[in-house]
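See below for entry_29.pdb, which holds PDB, C-alpha atoms.
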```pdb
MODEL        1
ATOM      1  CA  MET A   1    -108.544  -0.741 -42.448
ATOM      2  CA  LYS A   2    -105.623  -2.567 -44.018
ATOM      3  CA  SER A   3    -106.522  -4.733 -47.009
ATOM      4  CA  GLU A   4    -104.873  -7.717 -45.322
ATOM      5  CA  LEU A   5    -107.571  -7.695 -42.633
ATOM      6  CA  ALA A   6    -110.262  -7.843 -45.305
ATOM      7  CA  ASN A   7    -108.736 -10.505 -47.531
ATOM      8  CA  ALA A   8    -105.971 -12.549 -45.920
ATOM      9  CA  PRO A   9    -106.117 -15.187 -43.158
ATOM     10  CA  HIS A  10    -105.001 -13.664 -39.871
ATOM     11  CA  ARG A  11    -105.369 -13.830 -36.081
ATOM     12  CA  ARG A  12    -107.017 -11.231 -33.875
ATOM     13  CA  LEU A  13    -106.516 -10.766 -30.139
ATOM     14  CA  ASN A  14    -109.402 -10.511 -27.708
ATOM     15  CA  ILE A  15    -108.083  -7.847 -25.331
ATOM     16  CA  LEU A  16    -110.611  -8.802 -22.646
ATOM     17  CA  THR A  17    -109.583 -12.450 -22.376
ATOM     18  CA  GLY A  18    -106.102 -12.646 -23.899
ATOM     19  CA  GLU A  19    -107.299 -15.286 -26.375
ATOM     20  CA  TRP A  20    -106.805 -15.317 -30.144
ATOM     21  CA  ILE A  21    -109.267 -15.982 -32.975
ATOM     22  CA  LEU A  22    -108.499 -17.078 -36.532
ATOM     23  CA  VAL A  23    -110.190 -15.013 -39.282
ATOM     24  CA  SER A  24    -110.437 -16.495 -42.803
ATOM     25  CA  PRO A  25    -112.207 -13.907 -45.016
ATOM     26  CA  HIS A  26    -111.289 -15.696 -48.269
ATOM     27  CA  ARG A  27    -113.659 -18.540 -47.309
ATOM     28  CA  THR A  28    -116.843 -16.462 -47.454
ATOM     29  CA  LYS A  29    -117.517 -17.567 -51.041
ATOM     30  CA  ARG A  30    -117.339 -21.305 -50.363
ATOM     31  CA  PRO A  31    -120.528 -23.209 -51.271
ATOM     32  CA  TRP A  32    -122.683 -24.572 -48.436
ATOM     33  CA  GLN A  33    -123.926 -28.151 -48.684
ATOM     34  CA  GLY A  34    -124.013 -28.830 -44.973
ATOM     35  CA  LYS A  35    -126.800 -29.001 -42.421
ATOM     36  CA  THR A  36    -129.629 -26.479 -42.520
ATOM     37  CA  GLU A  37    -131.930 -25.754 -39.605
ATOM     38  CA  SER A  38    -135.705 -25.954 -39.853
ATOM     39  CA  PHE A  39    -137.289 -22.541 -39.441
ATOM     40  CA  GLU A  40    -140.961 -21.944 -38.990
ATOM     41  CA  LYS A  41    -142.581 -18.611 -38.301
ATOM     42  CA  ARG A  42    -144.396 -18.973 -35.006
ATOM     43  CA  GLU A  43    -147.978 -17.779 -34.685
ATOM     44  CA  LYS A  44    -147.969 -14.729 -32.434
ATOM     45  CA  ILE A  45    -150.402 -15.031 -29.543
ATOM     46  CA  ASN A  46    -150.716 -12.925 -26.397
ATOM     47  CA  TYR A  47    -151.544 -15.828 -24.102
ATOM     48  CA  ASP A  48    -150.982 -19.583 -24.203
ATOM     49  CA  SER A  49    -152.989 -21.678 -21.738
ATOM     50  CA  GLU A  50    -150.301 -24.408 -21.904
ATOM     51  CA  CYS A  51    -147.362 -22.077 -21.177
ATOM     52  CA  PHE A  52    -145.695 -22.369 -17.777
ATOM     53  CA  LEU A  53    -144.671 -18.686 -17.889
ATOM     54  CA  CYS A  54    -147.875 -16.932 -18.946
ATOM     55  CA  PRO A  55    -149.785 -14.939 -16.279
ATOM     56  CA  THR A  56    -152.023 -16.964 -13.885
ATOM     57  CA  ASN A  57    -150.865 -20.313 -15.346
ATOM     58  CA  ALA A  58    -149.370 -22.969 -13.095
ATOM     59  CA  ARG A  59    -145.635 -23.582 -13.388
ATOM     60  CA  MET A  60    -144.042 -27.020 -13.461
ATOM     61  CA  ASN A  61    -144.018 -27.161  -9.649
ATOM     62  CA  GLY A  62    -147.749 -26.405  -9.516
ATOM     63  CA  GLU A  63    -147.302 -22.863  -8.186
ATOM     64  CA  PRO A  64    -149.457 -20.339 -10.078
ATOM     65  CA  ASN A  65    -147.944 -17.245 -11.682
ATOM     66  CA  PRO A  66    -149.403 -13.923 -10.596
ATOM     67  CA  ASP A  67    -151.366 -11.866 -13.106
ATOM     68  CA  TYR A  68    -148.256  -9.805 -13.796
ATOM     69  CA  LYS A  69    -148.380  -6.721 -16.043
ATOM     70  CA  ASN A  70    -144.710  -5.931 -16.701
ATOM     71  CA  THR A  71    -141.880  -8.281 -15.704
ATOM     72  CA  LEU A  72    -142.006 -11.339 -13.481
ATOM     73  CA  VAL A  73    -139.003 -12.686 -11.564
ATOM     74  CA  PHE A  74    -139.139 -15.981  -9.686
ATOM     75  CA  LYS A  75    -136.792 -18.676  -8.406
ATOM     76  CA  ASN A  76    -136.064 -21.277 -11.090
ATOM     77  CA  ASP A  77    -137.980 -24.463 -10.313
ATOM     78  CA  PHE A  78    -135.097 -26.513 -11.771
ATOM     79  CA  GLY A  79    -132.074 -24.340 -11.003
ATOM     80  CA  ALA A  80    -128.554 -25.542 -11.813
ATOM     81  CA  LEU A  81    -127.424 -24.146  -8.455
ATOM     82  CA  LEU A  82    -128.898 -24.762  -5.001
ATOM     83  CA  ASN A  83    -128.753 -22.232  -2.186
ATOM     84  CA  ASP A  84    -128.126 -24.813   0.552
ATOM     85  CA  THR A  85    -125.267 -26.757  -1.091
ATOM     86  CA  PRO A  86    -122.420 -27.237   1.426
ATOM     87  CA  LEU A  87    -119.128 -25.674   0.340
ATOM     88  CA  PHE A  88    -117.100 -28.894   0.599
ATOM     89  CA  ASP A  89    -113.571 -29.383  -0.697
ATOM     90  CA  TYR A  90    -112.540 -32.687  -2.267
ATOM     91  CA  THR A  91    -108.915 -33.499  -3.118
ATOM     92  CA  ASP A  92    -107.490 -36.877  -4.089
ATOM     93  CA  GLY A  93    -104.103 -36.652  -5.766
ATOM     94  CA  LEU A  94    -104.699 -34.796  -9.050
ATOM     95  CA  LEU A  95    -108.468 -34.832  -8.580
ATOM     96  CA  HIS A  96    -110.038 -31.710  -7.109
ATOM     97  CA  ALA A  97    -113.631 -30.562  -6.656
ATOM     98  CA  GLU A  98    -115.488 -27.968  -4.610
ATOM     99  CA  GLY A  99    -119.085 -27.565  -3.566
ATOM    100  CA  GLU A 100    -120.885 -24.719  -5.372
ATOM    101  CA  SER A 101    -123.898 -22.921  -3.963
ATOM    102  CA  GLY A 102    -126.089 -20.297  -5.550
ATOM    103  CA  ILE A 103    -129.497 -19.088  -6.636
ATOM    104  CA  CYS A 104    -131.060 -19.353 -10.108
ATOM    105  CA  LYS A 105    -133.916 -17.097 -11.162
ATOM    106  CA  VAL A 106    -136.089 -16.636 -14.243
ATOM    107  CA  ILE A 107    -137.240 -13.247 -15.540
ATOM    108  CA  CYS A 108    -140.217 -13.038 -17.887
ATOM    109  CA  PHE A 109    -139.774  -9.872 -19.946
ATOM    110  CA  SER A 110    -143.471  -9.360 -20.596
ATOM    111  CA  PRO A 111    -146.824 -11.033 -19.865
ATOM    112  CA  ASN A 112    -147.304 -11.249 -23.659
ATOM    113  CA  HIS A 113    -146.413 -14.783 -24.765
ATOM    114  CA  SER A 114    -144.941 -13.680 -28.113
ATOM    115  CA  LEU A 115    -143.409 -10.279 -27.316
ATOM    116  CA  THR A 116    -139.631 -10.443 -27.708
ATOM    117  CA  ILE A 117    -137.320  -7.521 -26.862
ATOM    118  CA  PRO A 118    -137.193  -6.063 -30.419
ATOM    119  CA  ASP A 119    -141.014  -5.842 -30.436
ATOM    120  CA  MET A 120    -141.343  -4.283 -26.986
ATOM    121  CA  GLU A 121    -141.741  -0.561 -26.389
ATOM    122  CA  VAL A 122    -138.694   1.177 -24.909
ATOM    123  CA  ASN A 123    -140.591   1.915 -21.685
ATOM    124  CA  ALA A 124    -141.304  -1.807 -21.299
ATOM    125  CA  ILE A 125    -137.641  -2.682 -21.898
ATOM    126  CA  ILE A 126    -136.722  -0.155 -19.195
ATOM    127  CA  LYS A 127    -138.779  -2.290 -16.790
ATOM    128  CA  VAL A 128    -136.584  -5.265 -17.724
ATOM    129  CA  VAL A 129    -133.419  -3.219 -17.104
ATOM    130  CA  GLU A 130    -134.782  -2.093 -13.721
ATOM    131  CA  ALA A 131    -135.504  -5.729 -12.809
ATOM    132  CA  TRP A 132    -131.936  -6.657 -13.758
ATOM    133  CA  GLN A 133    -130.635  -3.838 -11.553
ATOM    134  CA  ASN A 134    -132.796  -4.864  -8.601
ATOM    135  CA  GLU A 135    -131.837  -8.518  -8.854
ATOM    136  CA  PHE A 136    -128.143  -7.744  -9.242
ATOM    137  CA  THR A 137    -128.226  -5.564  -6.114
ATOM    138  CA  GLU A 138    -130.338  -7.932  -4.025
ATOM    139  CA  LEU A 139    -128.446 -11.092  -4.927
ATOM    140  CA  GLY A 140    -125.025  -9.429  -4.936
ATOM    141  CA  ASN A 141    -125.542  -8.217  -1.382
ATOM    142  CA  LEU A 142    -125.921 -11.774  -0.091
ATOM    143  CA  LYS A 143    -122.844 -12.834   1.863
ATOM    144  CA  HIS A 144    -122.292 -16.121  -0.001
ATOM    145  CA  ILE A 145    -122.837 -14.681  -3.510
ATOM    146  CA  ASN A 146    -119.704 -13.442  -5.302
ATOM    147  CA  TYR A 147    -120.966 -13.154  -8.871
ATOM    148  CA  VAL A 148    -124.303 -12.498 -10.605
ATOM    149  CA  GLN A 149    -124.694 -13.597 -14.233
ATOM    150  CA  ILE A 150    -127.609 -12.136 -16.216
ATOM    151  CA  PHE A 151    -128.277 -13.794 -19.576
ATOM    152  CA  GLU A 152    -130.853 -14.763 -22.201
ATOM    153  CA  ASN A 153    -131.028 -17.737 -24.560
ATOM    154  CA  LYS A 154    -133.394 -16.709 -27.352
ATOM    155  CA  GLY A 155    -134.799 -19.330 -29.711
ATOM    156  CA  ALA A 156    -135.044 -23.117 -29.784
ATOM    157  CA  ILE A 157    -131.755 -23.281 -31.712
ATOM    158  CA  MET A 158    -130.073 -21.857 -28.588
ATOM    159  CA  GLY A 159    -131.628 -24.487 -26.332
ATOM    160  CA  CYS A 160    -134.444 -22.297 -25.046
ATOM    161  CA  SER A 161    -136.974 -24.701 -23.505
ATOM    162  CA  ASN A 162    -139.953 -22.312 -23.373
ATOM    163  CA  PRO A 163    -140.987 -19.919 -26.185
ATOM    164  CA  HIS A 164    -142.322 -17.279 -23.778
ATOM    165  CA  PRO A 165    -139.648 -14.503 -23.931
ATOM    166  CA  HIS A 166    -137.559 -14.734 -20.794
ATOM    167  CA  GLY A 167    -134.038 -14.571 -19.436
ATOM    168  CA  GLN A 168    -132.195 -16.017 -16.479
ATOM    169  CA  ILE A 169    -130.071 -14.864 -13.560
ATOM    170  CA  TRP A 170    -127.575 -17.199 -11.911
ATOM    171  CA  ALA A 171    -125.932 -15.960  -8.713
ATOM    172  CA  GLN A 172    -123.120 -18.081  -7.326
ATOM    173  CA  HIS A 173    -120.427 -18.432  -4.699
ATOM    174  CA  SER A 174    -117.434 -18.753  -7.034
ATOM    175  CA  ILE A 175    -116.310 -16.314  -9.730
ATOM    176  CA  PRO A 176    -116.721 -17.889 -13.214
ATOM    177  CA  THR A 177    -113.770 -18.490 -15.537
ATOM    178  CA  GLU A 178    -114.716 -15.833 -18.131
ATOM    179  CA  ILE A 179    -115.042 -13.197 -15.414
ATOM    180  CA  GLU A 180    -111.672 -14.131 -13.916
ATOM    181  CA  LYS A 181    -110.012 -13.694 -17.336
ATOM    182  CA  LYS A 182    -111.692 -10.334 -17.943
ATOM    183  CA  THR A 183    -110.846  -9.127 -14.438
ATOM    184  CA  ILE A 184    -107.146  -9.857 -14.960
ATOM    185  CA  ALA A 185    -107.036  -8.107 -18.357
ATOM    186  CA  GLN A 186    -108.878  -5.023 -17.134
ATOM    187  CA  LYS A 187    -106.896  -4.801 -13.899
ATOM    188  CA  ASN A 188    -103.544  -4.990 -15.714
ATOM    189  CA  PHE A 189    -104.599  -2.276 -18.159
ATOM    190  CA  TYR A 190    -106.010  -0.034 -15.419
ATOM    191  CA  LYS A 191    -102.753  -0.225 -13.450
ATOM    192  CA  LYS A 192    -100.786   0.970 -16.485
ATOM    193  CA  GLU A 193    -103.180   3.530 -17.965
ATOM    194  CA  SER A 194    -105.341   4.685 -15.005
ATOM    195  CA  THR A 195    -108.394   4.343 -17.241
ATOM    196  CA  SER A 196    -110.599   1.423 -18.129
ATOM    197  CA  LEU A 197    -109.689  -0.900 -20.990
ATOM    198  CA  LEU A 198    -113.129  -0.572 -22.588
ATOM    199  CA  SER A 199    -113.157   3.224 -22.282
ATOM    200  CA  LYS A 200    -110.019   3.432 -24.387
ATOM    201  CA  TYR A 201    -111.263   0.700 -26.728
ATOM    202  CA  ILE A 202    -114.615   2.324 -27.537
ATOM    203  CA  ASP A 203    -112.900   5.697 -28.020
ATOM    204  CA  GLN A 204    -110.706   4.081 -30.669
ATOM    205  CA  GLU A 205    -113.672   2.299 -32.276
ATOM    206  CA  LEU A 206    -115.688   5.530 -32.413
ATOM    207  CA  SER A 207    -112.775   7.334 -34.064
ATOM    208  CA  ILE A 208    -112.512   4.561 -36.699
ATOM    209  CA  GLY A 209    -116.257   4.039 -37.112
ATOM    210  CA  THR A 210    -115.991   0.843 -39.177
ATOM    211  CA  ARG A 211    -117.367  -1.560 -36.573
ATOM    212  CA  ILE A 212    -119.946   0.774 -34.963
ATOM    213  CA  ILE A 213    -123.553  -0.370 -35.405
ATOM    214  CA  SER A 214    -125.301   2.416 -33.485
ATOM    215  CA  GLU A 215    -124.816   4.785 -30.570
ATOM    216  CA  ASN A 216    -126.592   7.343 -28.411
ATOM    217  CA  LYS A 217    -125.537   9.687 -25.627
ATOM    218  CA  SER A 218    -124.805   6.928 -23.096
ATOM    219  CA  PHE A 219    -124.024   3.749 -25.081
ATOM    220  CA  VAL A 220    -122.262   2.427 -28.143
ATOM    221  CA  THR A 221    -123.188  -0.821 -29.923
ATOM    222  CA  LEU A 222    -120.479  -2.422 -32.043
ATOM    223  CA  VAL A 223    -119.100  -5.624 -33.511
ATOM    224  CA  PRO A 224    -115.918  -6.283 -31.492
ATOM    225  CA  PHE A 225    -112.665  -6.401 -33.450
ATOM    226  CA  TRP A 226    -112.145  -9.918 -32.038
ATOM    227  CA  ALA A 227    -115.733 -11.172 -32.547
ATOM    228  CA  VAL A 228    -116.100 -14.964 -32.832
ATOM    229  CA  TRP A 229    -119.721 -15.403 -33.900
ATOM    230  CA  PRO A 230    -120.786 -14.183 -37.393
ATOM    231  CA  TYR A 231    -122.957 -11.295 -36.162
ATOM    232  CA  GLU A 232    -121.636 -10.982 -32.639
ATOM    233  CA  ALA A 233    -122.206  -7.579 -31.017
ATOM    234  CA  MET A 234    -121.458  -5.754 -27.782
ATOM    235  CA  ILE A 235    -123.264  -2.894 -26.039
ATOM    236  CA  VAL A 236    -120.908  -0.788 -23.886
ATOM    237  CA  PRO A 237    -121.708   2.213 -21.666
ATOM    238  CA  LYS A 238    -119.632   5.272 -22.498
ATOM    239  CA  ARG A 239    -119.321   6.068 -18.796
ATOM    240  CA  LYS A 240    -117.139   3.600 -16.898
ATOM    241  CA  MET A 241    -119.318   1.619 -14.492
ATOM    242  CA  ALA A 242    -118.495  -1.594 -12.667
ATOM    243  CA  ASN A 243    -122.063  -2.910 -12.851
ATOM    244  CA  ILE A 244    -125.566  -2.103 -14.083
ATOM    245  CA  ALA A 245    -126.723  -0.958 -10.656
ATOM    246  CA  SER A 246    -124.941   2.341 -11.401
ATOM    247  CA  LEU A 247    -127.215   3.214 -14.336
ATOM    248  CA  ASN A 248    -129.154   6.428 -13.819
ATOM    249  CA  THR A 249    -132.567   7.239 -15.310
ATOM    250  CA  THR A 250    -131.205   8.596 -18.603
ATOM    251  CA  GLU A 251    -128.745   5.716 -18.990
ATOM    252  CA  ARG A 252    -131.470   3.143 -18.361
ATOM    253  CA  GLU A 253    -133.499   4.621 -21.204
ATOM    254  CA  ASP A 254    -130.466   4.817 -23.499
ATOM    255  CA  PHE A 255    -129.554   1.203 -22.700
ATOM    256  CA  ALA A 256    -133.118   0.075 -23.452
ATOM    257  CA  GLN A 257    -133.002   1.971 -26.743
ATOM    258  CA  GLN A 258    -129.775   0.274 -27.807
ATOM    259  CA  LEU A 259    -131.187  -3.133 -26.835
ATOM    260  CA  LYS A 260    -134.212  -2.505 -29.029
ATOM    261  CA  THR A 261    -132.161  -1.118 -31.938
ATOM    262  CA  LEU A 262    -129.712  -4.029 -32.042
ATOM    263  CA  THR A 263    -132.334  -6.764 -31.708
ATOM    264  CA  GLN A 264    -134.533  -5.103 -34.361
ATOM    265  CA  LYS A 265    -131.561  -5.112 -36.733
ATOM    266  CA  TYR A 266    -131.009  -8.787 -35.911
ATOM    267  CA  ASP A 267    -134.636  -9.637 -36.787
ATOM    268  CA  ALA A 268    -134.336  -7.687 -40.048
ATOM    269  CA  LEU A 269    -131.090  -9.432 -41.066
ATOM    270  CA  PHE A 270    -132.680 -12.705 -42.186
ATOM    271  CA  ASN A 271    -136.340 -11.719 -41.710
ATOM    272  CA  CYS A 272    -136.829 -13.987 -38.693
ATOM    273  CA  SER A 273    -137.019 -13.879 -34.929
ATOM    274  CA  PHE A 274    -133.228 -13.858 -34.619
ATOM    275  CA  PRO A 275    -131.798 -16.344 -32.077
ATOM    276  CA  TYR A 276    -128.868 -15.518 -29.795
ATOM    277  CA  SER A 277    -127.347 -15.947 -26.383
ATOM    278  CA  SER A 278    -126.749 -12.635 -24.655
ATOM    279  CA  GLY A 279    -125.122 -11.908 -21.322
ATOM    280  CA  ILE A 280    -124.014  -9.032 -19.135
ATOM    281  CA  HIS A 281    -120.467  -9.192 -17.810
ATOM    282  CA  GLN A 282    -119.847  -7.017 -14.776
ATOM    283  CA  ALA A 283    -117.710  -6.858 -11.656
ATOM    284  CA  PRO A 284    -117.931  -9.630  -9.064
ATOM    285  CA  THR A 285    -119.851  -8.903  -5.848
ATOM    286  CA  SER A 286    -117.214 -10.334  -3.507
ATOM    287  CA  GLY A 287    -116.699  -7.008  -1.740
ATOM    288  CA  ASP A 288    -113.265  -6.346  -3.245
ATOM    289  CA  ASN A 289    -112.432  -3.129  -5.077
ATOM    290  CA  TYR A 290    -113.057  -3.604  -8.787
ATOM    291  CA  GLU A 291    -112.294  -0.067  -9.946
ATOM    292  CA  GLU A 292    -110.922  -1.445 -13.232
ATOM    293  CA  TRP A 293    -114.215  -3.047 -14.266
ATOM    294  CA  HIS A 294    -116.297  -1.640 -17.142
ATOM    295  CA  TRP A 295    -119.472  -3.675 -17.607
ATOM    296  CA  HIS A 296    -120.773  -4.629 -21.051
ATOM    297  CA  MET A 297    -123.403  -6.827 -22.701
ATOM    298  CA  SER A 298    -122.473  -9.313 -25.432
ATOM    299  CA  PHE A 299    -124.655 -11.045 -28.024
ATOM    300  CA  TYR A 300    -123.593 -14.335 -29.595
ATOM    301  CA  PRO A 301    -125.946 -15.250 -32.486
ATOM    302  CA  PRO A 302    -125.373 -18.557 -34.339
ATOM    303  CA  LEU A 303    -126.908 -17.713 -37.732
ATOM    304  CA  LEU A 304    -124.386 -17.446 -40.560
ATOM    305  CA  ARG A 305    -125.906 -17.082 -44.046
ATOM    306  CA  SER A 306    -129.672 -17.253 -43.545
ATOM    307  CA  ALA A 307    -132.356 -18.168 -41.040
ATOM    308  CA  THR A 308    -131.567 -21.847 -41.685
ATOM    309  CA  VAL A 309    -127.747 -21.904 -41.889
ATOM    310  CA  LYS A 310    -125.844 -21.628 -38.619
ATOM    311  CA  LYS A 311    -122.224 -21.399 -37.539
ATOM    312  CA  PHE A 312    -120.897 -24.589 -35.905
ATOM    313  CA  MET A 313    -118.147 -24.529 -33.291
ATOM    314  CA  VAL A 314    -116.574 -27.899 -34.126
ATOM    315  CA  GLY A 315    -113.327 -29.468 -35.290
ATOM    316  CA  TYR A 316    -110.654 -26.778 -35.317
ATOM    317  CA  GLU A 317    -112.689 -24.544 -32.969
ATOM    318  CA  MET A 318    -113.014 -27.330 -30.397
ATOM    319  CA  PHE A 319    -109.404 -28.474 -30.551
ATOM    320  CA  ALA A 320    -107.413 -25.362 -31.461
ATOM    321  CA  MET A 321    -108.992 -21.881 -31.377
ATOM    322  CA  ALA A 322    -112.118 -20.032 -32.451
ATOM    323  CA  GLN A 323    -112.401 -19.288 -36.199
ATOM    324  CA  ARG A 324    -114.673 -17.189 -38.408
ATOM    325  CA  ASP A 325    -115.032 -16.444 -42.136
ATOM    326  CA  ILE A 326    -117.090 -13.239 -42.435
ATOM    327  CA  THR A 327    -115.013 -10.414 -40.941
ATOM    328  CA  PRO A 328    -116.305  -8.258 -38.068
ATOM    329  CA  GLU A 329    -116.175  -5.273 -40.440
ATOM    330  CA  MET A 330    -118.433  -6.996 -42.985
ATOM    331  CA  ALA A 331    -120.886  -7.961 -40.221
ATOM    332  CA  ALA A 332    -120.955  -4.427 -38.792
ATOM    333  CA  GLU A 333    -121.544  -2.870 -42.199
ATOM    334  CA  LYS A 334    -124.500  -5.155 -42.855
ATOM    335  CA  LEU A 335    -126.079  -4.623 -39.434
ATOM    336  CA  LYS A 336    -125.547  -0.856 -39.595
ATOM    337  CA  SER A 337    -127.358  -0.668 -42.936
ATOM    338  CA  LEU A 338    -130.534  -2.348 -41.667
TER     339      LEU A 338
ENDMDL
END
```
For this file, write the structure as structure tokens.
Amino acid sequence: MKSELANAPHRRLNILTGEWILVSPHRTKRPWQGKTESFEKREKINYDSECFLCPTNARMNGEPNPDYKNTLVFKNDFGALLNDTPLFDYTDGLLHAEGESGICKVICFSPNHSLTIPDMEVNAIIKVVEAWQNEFTELGNLKHINYVQIFENKGAIMGCSNPHPHGQIWAQHSIPTEIEKKTIAQKNFYKKESTSLLSKYIDQELSIGTRIISENKSFVTLVPFWAVWPYEAMIVPKRKMANIASLNTTEREDFAQQLKTLTQKYDALFNCSFPYSSGIHQAPTSGDNYEEWHWHMSFYPPLLRSATVKKFMVGYEMFAMAQRDITPEMAAEKLKSL
């Protein structure tokens, strides 16, 4: 790695979106006198009688949860999308709007109220991966659904409204902005190179090694060269696949192992239940040919220096472009060592 990348202000290109990020490594030594978050270690309990997501408890709509033993998937009682929304089109001069329909679901990872992914056994995480696969296939096959977004907001600092470990799945009629950008970048590269953009990228990263956190036979976990968040990471399958439905038995296990490894490293970083937003980006389900697509899972954690100091996306980031101080290489080295 050139010394300029480690010491001098510079920009880095996100090859998946075409957007730039400003990196300012010389600012890592600046003193912090800003806001700190409150952090309390939560008492770990298997069951909470007041929790809307624990087995047999009633949810907000009064419907009882089954006495589930692995994962539980149900329709979100307060979904941001509604399945019966009419697909209207509104245009008035420069004003334009469209109706958006879809289905929102919740997935409880475990019946255990306190069991987050890093604390789960690999076999239990495999059950989560299988649920993701099933939901992606089922929802993606619906005629009016053109994209399925799987994600998790972990921790109150990320806006998670219920402490019971869970994720969400939003399936919608339109194709989201981030997916459109990544589709264009991958399609353009595939036309030129006849191979996927991420296949070539992870080959280069593996040959360099600097930003690799961990790997196994099927997956590589790394800090992207263009990472925005301090300890951002990405899990990428070594075999090009358009979506997670293509995972075979071995790959499911390897994916679960990488999920556990990364999230355990996160928890060890600041000795806390590490918050993040994670999401799987994969090909749309519109029925078109997306041979260029190579799915991947990204993790965006907000913590910067400790369990109580977070990265804020304000000022310059809101009005100009994303910016970070700690370099992706520094973040990868620290995570790898844990």
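Taking CA of Asp267 in chain A and CA of Glu253 in chain A as the two end points, the separation is 21.2 Å.
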Subject >> Evaluate the PyMOL selection byres ((chain A and resi 317-327) around 6) and report residues as a ChimeraX atom specification >> reply: /A:21-25,27-28,313-316,328-330
Subject >> Option closest in space to Asn70 in chain A, from A:Tyr266, A:Phe109, A:Phe219, A:Tyr190 [counting only C-alpha atoms] >> reply: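 Nearest to Asn70 in chain A: A:Phe109.
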**OP:** Quick one: apply the PyMOL selection byres ((chain A and resi 279) around 10) to the file and drop the selected residues here as a list in words.
**Re:**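 Residues picked by the PyMOL selection byres ((chain A and resi 279) around 10): Gln149, Ile150, Phe151, Glu152, Asn153, Gly167, Gln168, Ile169, Met234, Tyr276, Ser277, Ser278, Ile280, His281, Gln282, His296, Met297, Ser298, Phe299 and Tyr300 of chain A.
Closest to Met60 in chain A among A:Ser3, A:Ile117, A:Pro302, A:Asn162 is A:Asn162, based on only C-alpha atoms.
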Original post:
Once the PyMOL selection byres ((chain A and resi 223-225) around 10) has been applied to the shown file, what residues remain in the selection, as a PyMOL selection string?
Top reply: chain A and resi 12-15+201-202+205+210-213+221-222+226-235+298-299+327-333+335
Could you write those residues out with C-alpha atoms, as a tab-separated table (two decimals), keeping the file's coordinate frame?
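For reference, again_0.tsv as written:
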```
chain	number	residue	atom	x	y	z
A	12	ARG	CA	-107.02	-11.23	-33.88
A	13	LEU	CA	-106.52	-10.77	-30.14
A	14	ASN	CA	-109.40	-10.51	-27.71
A	15	ILE	CA	-108.08	-7.85	-25.33
A	201	TYR	CA	-111.26	0.70	-26.73
A	202	ILE	CA	-114.62	2.32	-27.54
A	205	GLU	CA	-113.67	2.30	-32.28
A	210	THR	CA	-115.99	0.84	-39.18
A	211	ARG	CA	-117.37	-1.56	-36.57
A	212	ILE	CA	-119.95	0.77	-34.96
A	213	ILE	CA	-123.55	-0.37	-35.40
A	221	THR	CA	-123.19	-0.82	-29.92
A	222	LEU	CA	-120.48	-2.42	-32.04
A	226	TRP	CA	-112.14	-9.92	-32.04
A	227	ALA	CA	-115.73	-11.17	-32.55
A	228	VAL	CA	-116.10	-14.96	-32.83
A	229	TRP	CA	-119.72	-15.40	-33.90
A	230	PRO	CA	-120.79	-14.18	-37.39
A	231	TYR	CA	-122.96	-11.30	-36.16
A	232	GLU	CA	-121.64	-10.98	-32.64
A	233	ALA	CA	-122.21	-7.58	-31.02
A	234	MET	CA	-121.46	-5.75	-27.78
A	235	ILE	CA	-123.26	-2.89	-26.04
A	298	SER	CA	-122.47	-9.31	-25.43
A	299	PHE	CA	-124.66	-11.04	-28.02
A	327	THR	CA	-115.01	-10.41	-40.94
A	328	PRO	CA	-116.30	-8.26	-38.07
A	329	GLU	CA	-116.18	-5.27	-40.44
A	330	MET	CA	-118.43	-7.00	-42.98
A	331	ALA	CA	-120.89	-7.96	-40.22
A	332	ALA	CA	-120.96	-4.43	-38.79
A	333	GLU	CA	-121.54	-2.87	-42.20
A	335	LEU	CA	-126.08	-4.62	-39.43
```
Original post:
Taking all atoms listed in the file into account, which of A:Ala268, A:Ser214, A:Trp293, A:Ala8 comes nearest Arg239 in chain A?
Top reply: A:Trp293
Subject >> For Gly287 in chain A: contacts at 12 Å, all atoms listed in the file, fewer than 2 positions along chain excluded, given as a PyMOL selection string >> reply: chain A and resi 140-147+283-285+289-291
Neighbouring residues of Phe74 in chain A were defined as those with any atom within 9 Å, considering all atoms listed in the file; residues of the same chain fewer than 3 positions away were excluded. Please report them as a PDB file with C-alpha atoms, in the frame of the given file.
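See out.pdb below for the written result:
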```
ATOM      1  CA  ASP A  77    -137.980 -24.463 -10.313  1.00  0.00           C
ATOM      2  CA  CYS A 104    -131.060 -19.353 -10.108  1.00  0.00           C
ATOM      3  CA  LYS A 105    -133.916 -17.097 -11.162  1.00  0.00           C
ATOM      4  CA  VAL A 106    -136.089 -16.636 -14.243  1.00  0.00           C
ATOM      5  CA  ILE A 107    -137.240 -13.247 -15.540  1.00  0.00           C
ATOM      6  CA  CYS A 108    -140.217 -13.038 -17.887  1.00  0.00           C
TER       7      CYS A 108
END
```
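When all atoms listed in the file are used to measure the gap to Pro111 in chain A, the shortest distance among A:Asp48, A:Glu43, A:Glu63, A:Asp254 belongs to A:Asp48.
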